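Colleague: My questions will all concern the structure given below.
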Amino acid sequence: MRVLGIDPGSRCTGYGFVETSGNQLKALAFGDLRLGGGPLPGRLKAIFDGLTELIARHRPELVAVEQVFVSRNPASALTLGQARGAAICAAAQGGLELAEYAPREIKLAVVGTGRADKTQVQHMVRLLLGLREAPAEDAADALACAICHIHSIQGAARLARRAGSS
């Protein structure tokens, strides 16, 4: 199974492709789309185009996207929501099934606590994927999102097997 994880952002969108075979996880490609400044519509188009090209190149079966975390600034949350929309449209354009996870869910699945900081996520992603170095923050968050989805699918499959055997 090959999963694309996406950490959407209006200035930097992280992506990470994780493949699993049994219990083995392997990072296939990861990085970030640096969008810089400029008008928001151009940045949204760059997210859509960049992810569409990456999807065509790496051919994931599933996509997992981090949900919007609403803090104190509603305007930032709206802009982030638009970046998520561009990412979701790229997945839909590719005909891919999409899952969404809250940041706390992702941290819990990867680090073991929903209150983990960025450094802890980077460290655990490096360990889980056997990387030499910790990925940059946005790429690590995207890889963590993909890992969270893989763990979720594997957990559901284990429960289904147990329910079927009883």
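As shown in the structure tokens, the chain order sets the letters A, B, ...; within each chain, residues go from 1, and ligands are also counted from 1 in the order they appear.
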Excluding same-chain residues fewer than 6 positions from segment 28-32 of chain A, what lies within 7 Å of it counting only C-alpha atoms, as a list of chain:residue names?

Modeller: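 Counting only the stated atoms, we get A:Cys12, A:Thr13, A:Gly14, A:Tyr15, A:Gly16, A:Phe17, A:Val18, A:Glu19, A:Asp138, A:Ala139.
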
Colleague: Write a file of the selected residues as a CSV table (one decimal), in the first residue's frame, keeping N, CA, C and O atoms.

Modeller:
chain,number,residue,atom,x,y,z
A,12,CYS,N,3.9,27.0,2.6
A,12,CYS,CA,4.7,25.7,2.5
A,12,CYS,C,3.8,24.5,2.7
A,12,CYS,O,3.2,24.5,3.8
A,13,THR,N,3.7,23.7,1.7
A,13,THR,CA,2.9,22.4,1.9
A,13,THR,C,3.8,21.2,1.9
A,13,THR,O,4.6,21.0,0.9
A,14,GLY,N,3.8,20.5,3.0
A,14,GLY,CA,4.6,19.3,3.1
A,14,GLY,C,3.9,18.1,2.4
A,14,GLY,O,2.7,18.0,2.4
A,15,TYR,N,4.7,17.2,1.9
A,15,TYR,CA,4.2,16.0,1.3
A,15,TYR,C,5.1,14.8,1.7
A,15,TYR,O,6.3,15.0,1.9
A,16,GLY,N,4.6,13.6,1.7
A,16,GLY,CA,5.4,12.4,2.0
A,16,GLY,C,4.7,11.2,1.5
A,16,GLY,O,3.5,11.0,1.8
A,17,PHE,N,5.4,10.4,0.8
A,17,PHE,CA,4.9,9.1,0.2
A,17,PHE,C,5.5,8.0,1.1
A,17,PHE,O,6.7,7.9,1.2
A,18,VAL,N,4.6,7.2,1.7
A,18,VAL,CA,5.0,6.1,2.5
A,18,VAL,C,4.4,4.8,1.9
A,18,VAL,O,3.2,4.8,1.6
A,19,GLU,N,5.3,3.8,1.8
A,19,GLU,CA,4.8,2.5,1.3
A,19,GLU,C,4.9,1.5,2.5
A,19,GLU,O,5.9,1.6,3.3
A,138,ASP,N,7.7,20.4,7.8
A,138,ASP,CA,6.5,20.2,7.0
A,138,ASP,C,6.5,18.8,6.4
A,138,ASP,O,5.4,18.2,6.3
A,139,ALA,N,7.6,18.3,5.9
A,139,ALA,CA,7.7,17.0,5.3
A,139,ALA,C,7.5,16.0,6.4
A,139,ALA,O,6.8,14.9,6.2

Colleague: I need the strand (DSSP E or B) residues of segment 23-131 of chain A per DSSP on the backbone, written as a list of chain:residue names.

Modeller: A:Gln24, A:Leu25, A:Lys26, A:Ala27, A:Leu28, A:Ala29, A:Phe30, A:Gly31, A:Asp32, A:Leu33, A:Arg34, A:Leu62, A:Val63, A:Ala64, A:Val65, A:Glu66, A:Glu97, A:Leu98, A:Ala99, A:Glu100, A:Tyr101

Colleague: Write out as JSON, numbers by chain the residues lying within 12 Å of Thr79 of chain A, counting only C-alpha atoms and excluding same-chain residues fewer than 6 positions away.

Modeller: {"A": [8, 9, 10, 11, 39, 40, 41, 43, 44, 68, 69, 70, 73, 85, 86]}

Colleague: So, with only C-alpha atoms as the atoms that count, which of A:Leu62, A:Gly42, A:Arg2, A:Ser165 lies closest to Glu97 of chain A?

Modeller: A:Leu62

Colleague: I need the residues in segment 22-120 of chain A that are helix (DSSP H, G or I) according to DSSP; give them as a PDB file with C-alpha atoms, in the first residue's frame.

Modeller:
ATOM      1  CA  LEU A  40      -3.143  33.572  -2.597  1.00  0.00           C
ATOM      2  CA  PRO A  41      -4.809  32.344  -5.821  1.00  0.00           C
ATOM      3  CA  GLY A  42      -1.386  31.754  -7.394  1.00  0.00           C
ATOM      4  CA  ARG A  43      -0.173  29.863  -4.327  1.00  0.00           C
ATOM      5  CA  LEU A  44      -3.316  27.686  -4.316  1.00  0.00           C
ATOM      6  CA  LYS A  45      -2.743  26.863  -7.973  1.00  0.00           C
ATOM      7  CA  ALA A  46       0.884  25.960  -7.168  1.00  0.00           C
ATOM      8  CA  ILE A  47      -0.323  23.562  -4.437  1.00  0.00           C
ATOM      9  CA  PHE A  48      -2.800  21.930  -6.806  1.00  0.00           C
ATOM     10  CA  ASP A  49      -0.319  21.698  -9.696  1.00  0.00           C
ATOM     11  CA  GLY A  50       2.566  20.504  -7.529  1.00  0.00           C
ATOM     12  CA  LEU A  51       0.556  17.782  -5.813  1.00  0.00           C
ATOM     13  CA  THR A  52      -1.088  16.717  -9.086  1.00  0.00           C
ATOM     14  CA  GLU A  53       2.379  16.210 -10.606  1.00  0.00           C
ATOM     15  CA  LEU A  54       3.648  14.329  -7.538  1.00  0.00           C
ATOM     16  CA  ILE A  55       0.573  12.077  -7.551  1.00  0.00           C
ATOM     17  CA  ALA A  56       1.125  11.264 -11.238  1.00  0.00           C
ATOM     18  CA  ARG A  57       4.801  10.481 -10.588  1.00  0.00           C
ATOM     19  CA  HIS A  58       4.485   8.380  -7.399  1.00  0.00           C
ATOM     20  CA  PRO A  74      -9.643  32.953  12.195  1.00  0.00           C
ATOM     21  CA  ALA A  75      -8.181  34.588   9.069  1.00  0.00           C
ATOM     22  CA  SER A  76      -5.172  32.229   9.171  1.00  0.00           C
ATOM     23  CA  ALA A  77      -7.490  29.257   9.644  1.00  0.00           C
ATOM     24  CA  LEU A  78      -9.506  30.305   6.576  1.00  0.00           C
ATOM     25  CA  THR A  79      -6.368  30.644   4.463  1.00  0.00           C
ATOM     26  CA  LEU A  80      -5.146  27.251   5.659  1.00  0.00           C
ATOM     27  CA  GLY A  81      -8.565  25.805   4.799  1.00  0.00           C
ATOM     28  CA  GLN A  82      -8.154  27.084   1.254  1.00  0.00           C
ATOM     29  CA  ALA A  83      -4.722  25.435   1.002  1.00  0.00           C
ATOM     30  CA  ARG A  84      -6.311  22.176   2.221  1.00  0.00           C
ATOM     31  CA  GLY A  85      -8.982  22.602  -0.441  1.00  0.00           C
ATOM     32  CA  ALA A  86      -6.355  22.836  -3.180  1.00  0.00           C
ATOM     33  CA  ALA A  87      -4.678  19.686  -1.824  1.00  0.00           C
ATOM     34  CA  ILE A  88      -7.985  17.823  -1.587  1.00  0.00           C
ATOM     35  CA  CYS A  89      -8.847  18.828  -5.165  1.00  0.00           C
ATOM     36  CA  ALA A  90      -5.519  17.401  -6.375  1.00  0.00           C
ATOM     37  CA  ALA A  91      -6.343  14.092  -4.655  1.00  0.00           C
ATOM     38  CA  ALA A  92      -9.868  14.114  -6.110  1.00  0.00           C
ATOM     39  CA  GLN A  93      -8.452  14.898  -9.570  1.00  0.00           C
ATOM     40  CA  PRO A 103      -3.097  17.065  14.386  1.00  0.00           C
ATOM     41  CA  ARG A 104      -3.597  15.440  17.829  1.00  0.00           C
ATOM     42  CA  GLU A 105      -4.557  12.106  16.210  1.00  0.00           C
ATOM     43  CA  ILE A 106      -1.443  12.165  14.045  1.00  0.00           C
ATOM     44  CA  LYS A 107       0.858  12.962  16.973  1.00  0.00           C
ATOM     45  CA  LEU A 108      -0.763  10.267  19.091  1.00  0.00           C
ATOM     46  CA  ALA A 109      -0.333   7.649  16.347  1.00  0.00           C
ATOM     47  CA  VAL A 110       3.301   8.511  15.658  1.00  0.00           C
ATOM     48  CA  LYS A 118       7.529  19.301  16.084  1.00  0.00           C
ATOM     49  CA  THR A 119      10.930  17.977  17.155  1.00  0.00           C
ATOM     50  CA  GLN A 120       9.389  14.854  18.669  1.00  0.00           C
TER      51      GLN A 120
END

Colleague: Restricting the calculation to only C-alpha atoms, which member of A:His123, A:His149, A:Arg34, A:Lys26 is positioned closest to Leu98 of chain A?

Modeller: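 When distances to Leu98 of chain A are compared using only C-alpha atoms, the smallest one comes from A:His149.
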
Colleague: Report the distance between atom CA of Cys145 of chain A and atom CA of Ala163 of chain A in Å, rounded to one decimal place.

Modeller: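 Answer for the atom CA of Cys145 of chain A to atom CA of Ala163 of chain A separation: 27.0 Å.
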
Colleague: Counting only C-alpha atoms, what is within 8 Å of Ala134 of chain A, bar same-chain residues fewer than 2 positions away, as a count of residues only?

Modeller: 8

Colleague: Restricting the calculation to only C-alpha atoms, which member of A:Gln154, A:Gln24, A:Gln67, A:Thr113 is positioned closest to Asp7 of chain A?

Modeller: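 For Asp7 of chain A, the nearest of the given residues is A:Gln67.
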
Colleague: Give the answer as one residue: which of A:Ile6, A:Ala156, A:Leu25, A:Ala64 has the shortest atom-to-atom distance to Ala99 of chain A, using only C-alpha atoms?

Modeller: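 Looking only at the distances to Ala99 of chain A, the closest residue turns out to be A:Ala64.
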
Colleague: For a test of reading the model, state the distance in Å between atom CA of Ala142 of chain A and atom CA of Ser21 of chain A, rounded to one decimal.

Modeller: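 Interatomic distance here is 19.3 Å.
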
Colleague: Just how far from atom CA of Glu61 of chain A is atom CA of His151 of chain A, in Å to one decimal?

Modeller: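 Computed distance, atom CA of His151 of chain A to atom CA of Glu61 of chain A, equals 15.1 Å.
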